[in-house]
file final.cif (mmCIF, C-alpha atoms and all ligand atoms)
data_coords
#
loop_
_atom_site.label_atom_id
_atom_site.label_comp_id
_atom_site.auth_asym_id
_atom_site.auth_seq_id
_atom_site.Cartn_x
_atom_site.Cartn_y
_atom_site.Cartn_z
CA MET X 1 39.60 6.98 -5.69
CA ARG X 2 42.64 7.84 -7.82
CA THR X 3 41.98 6.31 -11.22
CA ALA X 4 43.72 6.60 -14.59
CA LEU X 5 43.77 4.86 -17.97
CA ALA X 6 46.80 3.68 -19.94
CA TYR X 7 46.62 2.46 -23.53
CA TYR X 8 48.99 0.97 -26.05
CA SER X 9 47.81 1.20 -29.63
CA VAL X 10 49.44 0.07 -32.86
CA THR X 11 46.58 0.88 -35.24
CA GLY X 12 44.47 3.33 -33.20
CA HIS X 13 41.68 1.16 -31.75
CA SER X 14 42.92 1.14 -28.17
CA LYS X 15 43.44 4.88 -28.37
CA LYS X 16 39.83 5.30 -29.57
CA ILE X 17 38.37 2.98 -26.92
CA GLY X 18 40.60 4.37 -24.17
CA GLY X 19 39.77 7.94 -25.14
CA ALA X 20 36.03 7.26 -24.92
CA VAL X 21 36.37 5.56 -21.51
CA ALA X 22 38.65 8.27 -20.07
CA ASN X 23 36.35 10.98 -21.36
CA ALA X 24 33.21 9.34 -19.95
CA LEU X 25 34.81 8.67 -16.56
CA GLN X 26 36.67 11.99 -16.50
CA ILE X 27 39.99 10.33 -15.70
CA PRO X 28 43.48 11.08 -17.04
CA ILE X 29 44.67 9.07 -20.03
CA TYR X 30 48.27 8.04 -20.72
CA ASN X 31 49.95 6.62 -23.81
CA LEU X 32 52.21 3.74 -22.75
CA LYS X 33 54.49 4.49 -25.74
CA THR X 34 55.42 7.92 -24.46
CA ASP X 35 54.06 8.66 -21.01
CA THR X 36 55.04 7.65 -17.49
CA ILE X 37 52.11 6.52 -15.39
CA PRO X 38 51.90 8.70 -12.28
CA GLU X 39 51.62 6.66 -9.08
CA PRO X 40 50.12 5.96 -6.63
CA LEU X 41 46.83 4.85 -8.18
CA ASP X 42 43.89 2.98 -6.73
CA CYS X 43 42.82 1.80 -10.16
CA LEU X 44 44.42 1.68 -13.60
CA PHE X 45 42.52 0.72 -16.76
CA VAL X 46 44.84 -0.95 -19.25
CA VAL X 47 43.62 -0.88 -22.86
CA GLY X 48 45.43 -2.81 -25.58
CA GLY X 49 45.13 -4.94 -28.71
CA ILE X 50 46.37 -8.44 -29.48
CA TYR X 51 49.15 -9.00 -32.04
CA GLY X 52 50.20 -12.49 -33.10
CA GLY X 53 48.11 -13.82 -30.22
CA LYS X 54 49.86 -11.64 -27.62
CA SER X 55 50.09 -8.19 -26.12
CA ASP X 56 52.72 -5.93 -27.66
CA ALA X 57 56.16 -6.57 -26.10
CA HIS X 58 56.82 -2.84 -25.60
CA MET X 59 53.55 -2.51 -23.72
CA LEU X 60 54.48 -5.40 -21.45
CA ASN X 61 57.85 -3.80 -20.83
CA GLN X 62 56.18 -0.55 -19.77
CA LEU X 63 53.78 -2.41 -17.48
CA SER X 64 56.69 -4.26 -15.88
CA HIS X 65 57.76 -0.96 -14.27
CA LEU X 66 54.51 -0.71 -12.30
CA ASP X 67 54.51 -1.77 -8.68
CA GLY X 68 51.79 -3.35 -6.56
CA ALA X 69 52.68 -0.99 -3.72
CA ALA X 70 51.75 1.96 -5.95
CA VAL X 71 48.96 0.57 -8.16
CA ARG X 72 46.31 -1.32 -6.23
CA GLN X 73 43.99 -2.60 -8.95
CA ALA X 74 44.01 -2.95 -12.74
CA ILE X 75 41.09 -3.46 -15.13
CA LEU X 76 41.72 -4.78 -18.65
CA ILE X 77 39.98 -3.71 -21.85
CA SER X 78 41.08 -5.57 -24.98
CA SER X 79 40.42 -5.75 -28.70
CA SER X 80 41.40 -8.24 -31.36
CA ALA X 81 40.27 -9.25 -34.85
CA SER X 82 38.93 -12.52 -33.49
CA GLY X 83 36.87 -10.69 -30.88
CA PHE X 84 38.00 -13.03 -28.13
CA GLY X 85 41.73 -12.31 -27.68
CA ARG X 86 42.49 -11.42 -24.07
CA GLN X 87 45.48 -9.65 -22.56
CA ASP X 88 46.64 -12.77 -20.73
CA GLN X 89 50.32 -11.77 -20.66
CA ALA X 90 49.48 -8.31 -19.31
CA ARG X 91 47.25 -9.88 -16.64
CA ALA X 92 49.97 -12.32 -15.54
CA LEU X 93 52.62 -9.59 -15.55
CA LEU X 94 50.55 -7.17 -13.49
CA GLN X 95 49.69 -9.91 -11.02
CA SER X 96 53.37 -10.85 -10.76
CA ARG X 97 54.02 -7.21 -9.81
CA GLY X 98 51.53 -7.56 -6.95
CA ILE X 99 48.72 -5.68 -8.69
CA GLN X 100 45.21 -7.11 -8.39
CA VAL X 101 43.55 -7.53 -11.78
CA LEU X 102 39.77 -7.67 -12.04
CA SER X 103 38.79 -11.11 -13.33
CA ASP X 104 36.25 -9.58 -15.73
CA GLU X 105 37.80 -8.20 -18.90
CA TYR X 106 36.05 -6.28 -21.66
CA VAL X 107 36.88 -7.92 -24.96
CA CYS X 108 35.73 -6.56 -28.30
CA MET X 109 36.53 -6.85 -31.98
CA GLY X 110 39.20 -4.86 -33.68
CA ASN X 111 40.28 -5.66 -37.21
CA PHE X 112 43.25 -6.95 -39.12
CA LEU X 113 43.81 -5.92 -42.74
CA ILE X 114 40.40 -6.56 -44.32
CA VAL X 115 39.16 -8.89 -41.56
CA ARG X 116 36.42 -7.29 -39.40
CA LEU X 117 36.61 -3.92 -41.08
CA GLY X 118 34.67 -1.26 -39.17
CA HIS X 119 35.48 -2.69 -35.74
CA PRO X 120 35.59 -1.58 -33.05
CA ASN X 121 32.31 0.11 -33.91
CA GLN X 122 30.40 2.66 -31.84
CA ALA X 123 28.37 -0.02 -30.04
CA GLU X 124 31.59 -1.78 -29.00
CA VAL X 125 33.15 1.48 -27.81
CA ASP X 126 29.94 2.25 -25.88
CA GLY X 127 30.13 -1.27 -24.41
CA ALA X 128 33.65 -0.56 -23.15
CA VAL X 129 32.42 2.63 -21.47
CA ARG X 130 29.52 0.75 -19.85
CA PHE X 131 31.86 -2.01 -18.64
CA ALA X 132 34.32 0.54 -17.21
CA ARG X 133 31.59 2.41 -15.33
CA GLN X 134 30.20 -0.80 -13.84
CA ALA X 135 33.63 -2.17 -12.92
CA LEU X 136 34.57 1.05 -11.16
CA ALA X 137 31.24 1.20 -9.34
CA ARG X 138 31.87 -2.34 -8.07
CA LEU X 139 35.30 -1.37 -6.77
CA ASN X 140 33.84 1.65 -5.04
CA ALA X 141 31.00 -0.33 -3.45
C1 LIG X 201 50.45 -6.81 -36.64
C2 LIG X 201 49.07 -7.20 -36.15
C3 LIG X 201 48.88 -8.47 -35.65
C4 LIG X 201 47.59 -8.86 -35.19
N1 LIG X 201 47.43 -10.13 -34.70
C5 LIG X 201 46.21 -10.50 -34.25
C6 LIG X 201 46.01 -11.82 -33.71
O1 LIG X 201 46.92 -12.63 -33.58
N2 LIG X 201 44.77 -12.16 -33.30
C7 LIG X 201 43.69 -11.29 -33.40
O2 LIG X 201 42.59 -11.66 -33.04
N3 LIG X 201 43.86 -10.02 -33.87
C8 LIG X 201 45.09 -9.61 -34.31
N4 LIG X 201 45.27 -8.33 -34.78
C9 LIG X 201 44.15 -7.38 -34.73
C10 LIG X 201 44.30 -6.44 -33.54
O3 LIG X 201 44.35 -7.15 -32.31
C11 LIG X 201 43.09 -5.49 -33.43
O4 LIG X 201 42.90 -4.76 -34.61
C12 LIG X 201 43.25 -4.51 -32.28
O5 LIG X 201 42.05 -3.76 -32.18
C13 LIG X 201 44.43 -3.59 -32.50
O6 LIG X 201 44.46 -2.60 -31.48
P1 LIG X 201 45.19 -1.21 -31.74
O7 LIG X 201 44.52 -0.57 -32.94
O8 LIG X 201 45.00 -0.44 -30.52
O9 LIG X 201 46.62 -1.50 -32.05
C14 LIG X 201 46.51 -7.94 -35.24
C15 LIG X 201 46.74 -6.65 -35.74
C16 LIG X 201 47.98 -6.28 -36.18
C17 LIG X 201 48.18 -4.88 -36.71
#
call {"tool": "encode", "arguments": {"input": "final.cif", "output": "structure tokens"}}
result
Amino acid sequence: MRTALAYYSVTGHSKKIGGAVANALQIPIYNLKTDTIPEPLDCLFVVGGIYGGKSDAHMLNQLSHLDGAAVRQAILISSSASGFGRQDQARALLQSRGIQVLSDEYVCMGNFLIVRLGHPNQAEVDGAVRFARQALARLNA
């Protein structure tokens, strides 16, 4: 199964989480700010934070170039200061491109200024790795 991970990070959390997942799963990692995602892919993890209640507009623009004929399945991993912000716009956009998006999404805390300092912590990063392993195993089953 051809699998990769793409992240978009403003303050470094998605890079940290994405790096840990890519390293554990031994899959290539791409920065959506600078890299082109090589297609075709069976599965693409998309890791991103929430800003003003939304995904970053530049990230969404990058994702809008993906095609359901080339990327079969996406899995979302998200972080936000609230700890419950989801990448709803990214999900809708990927689905509109014909890409299946796993209904389960890993959501963890990030931080904003002094709110939730120290997040995402090691346990939350480990949780993302566990989620990614299980999600991929389910796709492979
Ligand atoms: C400019 C800015 C706006 C943010 N807005 C929100 C928000 O609306 N809701 C929330 O829960 N977290 C918000 N956060 C917190 C981020 O979602 C959180 O820290 C996330 O982990 C950032 O990911 P990143 O480090 O990969 O950019 C915001 C952070 C920044 C820097």
call {"tool": "residues_near_ligand", "arguments": {"input": "final.cif", "ligand": "ligand LIG 201 (chain X)", "cutoff": "10 Å", "atoms": "only C-alpha atoms and all ligand atoms", "output": "ChimeraX atom specification"}}
result
/X:7-18,47-56,78-86,107-113,115-117,119-120
call {"tool": "closest_residue", "arguments": {"input": "final.cif", "among": "X:Ala128, X:Ala57, X:Val101, X:Leu139", "to": "Ala24 in chain X", "atoms": "only C-alpha atoms"}}
result
X:Ala128
call {"tool": "atom_distance", "arguments": {"input": "final.cif", "atom1": "CA of Leu32 in chain X", "atom2": "CA of Gln62 in chain X"}}
result
6.6 Å
call {"tool": "closest_residue", "arguments": {"input": "final.cif", "among": "X:Arg91, X:Lys33, X:Arg97, X:His58", "to": "Ile77 in chain X", "atoms": "all atoms listed in the file"}}
result
X:Arg91
call {"tool": "residues_around", "arguments": {"input": "final.cif", "residues": "Phe131 in chain X", "least_positions_apart": "3", "cutoff": "12 Å", "atoms": "all atoms listed in the file", "output": "MDAnalysis selection string"}}
result
chainID X and resid 17 20:21 24:25 45 75:78 102 104:108 124:128 134:138
call {"tool": "closest_residue", "arguments": {"input": "final.cif", "among": "X:Gly68, X:Gly118, X:Gly19, X:Pro28", "to": "Pro40 in chain X", "atoms": "all atoms listed in the file"}}
result
X:Gly68
call {"tool": "closest_residue", "arguments": {"input": "final.cif", "among": "X:Asn31, X:Asn121, X:Gln26, X:Gln100", "to": "Arg72 in chain X", "atoms": "only C-alpha atoms"}}
result
X:Gln100
call {"tool": "closest_residue", "arguments": {"input": "final.cif", "among": "X:Ser64, X:Arg130, X:Glu39, X:Tyr30", "to": "Gly98 in chain X", "atoms": "only C-alpha atoms"}}
result
X:Ser64
call {"tool": "closest_residue", "arguments": {"input": "final.cif", "among": "X:Ile29, X:Cys43, X:Leu94, X:Ala123", "to": "Asp67 in chain X", "atoms": "only C-alpha atoms"}}
result
X:Leu94
call {"tool": "atom_distance", "arguments": {"input": "final.cif", "atom1": "CA of Leu63 in chain X", "atom2": "CA of Ala90 in chain X"}}
result
7.5 Å
call {"tool": "atom_distance", "arguments": {"input": "final.cif", "atom1": "CA of Ile114 in chain X", "atom2": "CA of Gln87 in chain X"}}
result
22.6 Å
call {"tool": "residues_near_point", "arguments": {"input": "final.cif", "point": "(49.9, -1.2, -9.7)", "cutoff": "7 Å", "atoms": "all atoms listed in the file", "output": "list of chain:residue names"}}
result
X:Leu41, X:Leu66, X:Asp67, X:Gly68, X:Ala69, X:Ala70, X:Val71, X:Arg72, X:Gln73, X:Ala74, X:Ile99
call {"tool": "build_atoms", "arguments": {"input": "final.cif", "residues": "range 33-48 of chain X", "atoms": "N, CA and C atoms", "output": "PDB file, in the frame of the given file"}}
result
ATOM      1  N   LYS X  33      53.304   4.331 -24.889  1.00  0.00           N
ATOM      2  CA  LYS X  33      54.490   4.490 -25.740  1.00  0.00           C
ATOM      3  C   LYS X  33      55.348   5.665 -25.298  1.00  0.00           C
ATOM      4  N   THR X  34      54.698   6.667 -24.710  1.00  0.00           N
ATOM      5  CA  THR X  34      55.420   7.920 -24.460  1.00  0.00           C
ATOM      6  C   THR X  34      55.339   8.432 -23.022  1.00  0.00           C
ATOM      7  N   ASP X  35      54.320   8.045 -22.310  1.00  0.00           N
ATOM      8  CA  ASP X  35      54.060   8.660 -21.010  1.00  0.00           C
ATOM      9  C   ASP X  35      54.480   7.755 -19.851  1.00  0.00           C
ATOM     10  N   THR X  36      54.820   8.386 -18.741  1.00  0.00           N
ATOM     11  CA  THR X  36      55.040   7.650 -17.490  1.00  0.00           C
ATOM     12  C   THR X  36      53.741   7.698 -16.709  1.00  0.00           C
ATOM     13  N   ILE X  37      53.352   6.568 -16.157  1.00  0.00           N
ATOM     14  CA  ILE X  37      52.110   6.520 -15.390  1.00  0.00           C
ATOM     15  C   ILE X  37      52.382   7.092 -13.993  1.00  0.00           C
ATOM     16  N   PRO X  38      51.674   8.145 -13.613  1.00  0.00           N
ATOM     17  CA  PRO X  38      51.900   8.700 -12.280  1.00  0.00           C
ATOM     18  C   PRO X  38      51.307   7.791 -11.203  1.00  0.00           C
ATOM     19  N   GLU X  39      52.085   7.504 -10.191  1.00  0.00           N
ATOM     20  CA  GLU X  39      51.620   6.660  -9.080  1.00  0.00           C
ATOM     21  C   GLU X  39      51.632   7.508  -7.814  1.00  0.00           C
ATOM     22  N   PRO X  40      50.925   7.170  -6.776  1.00  0.00           N
ATOM     23  CA  PRO X  40      50.120   5.960  -6.630  1.00  0.00           C
ATOM     24  C   PRO X  40      48.749   6.083  -7.283  1.00  0.00           C
ATOM     25  N   LEU X  41      48.177   4.913  -7.600  1.00  0.00           N
ATOM     26  CA  LEU X  41      46.830   4.850  -8.180  1.00  0.00           C
ATOM     27  C   LEU X  41      46.037   3.764  -7.456  1.00  0.00           C
ATOM     28  N   ASP X  42      44.773   4.036  -7.249  1.00  0.00           N
ATOM     29  CA  ASP X  42      43.890   2.980  -6.730  1.00  0.00           C
ATOM     30  C   ASP X  42      43.475   2.045  -7.851  1.00  0.00           C
ATOM     31  N   CYS X  43      43.315   2.617  -9.050  1.00  0.00           N
ATOM     32  CA  CYS X  43      42.820   1.800 -10.160  1.00  0.00           C
ATOM     33  C   CYS X  43      43.396   2.293 -11.484  1.00  0.00           C
ATOM     34  N   LEU X  44      43.891   1.352 -12.273  1.00  0.00           N
ATOM     35  CA  LEU X  44      44.420   1.680 -13.600  1.00  0.00           C
ATOM     36  C   LEU X  44      43.732   0.808 -14.646  1.00  0.00           C
ATOM     37  N   PHE X  45      43.037   1.448 -15.591  1.00  0.00           N
ATOM     38  CA  PHE X  45      42.520   0.720 -16.760  1.00  0.00           C
ATOM     39  C   PHE X  45      43.672   0.540 -17.731  1.00  0.00           C
ATOM     40  N   VAL X  46      43.797  -0.672 -18.273  1.00  0.00           N
ATOM     41  CA  VAL X  46      44.840  -0.950 -19.250  1.00  0.00           C
ATOM     42  C   VAL X  46      44.158  -1.413 -20.540  1.00  0.00           C
ATOM     43  N   VAL X  47      44.322  -0.614 -21.602  1.00  0.00           N
ATOM     44  CA  VAL X  47      43.620  -0.880 -22.860  1.00  0.00           C
ATOM     45  C   VAL X  47      44.651  -1.241 -23.926  1.00  0.00           C
ATOM     46  N   GLY X  48      44.457  -2.397 -24.569  1.00  0.00           N
ATOM     47  CA  GLY X  48      45.430  -2.810 -25.580  1.00  0.00           C
ATOM     48  C   GLY X  48      44.872  -3.840 -26.545  1.00  0.00           C
TER      49      GLY X  48
END
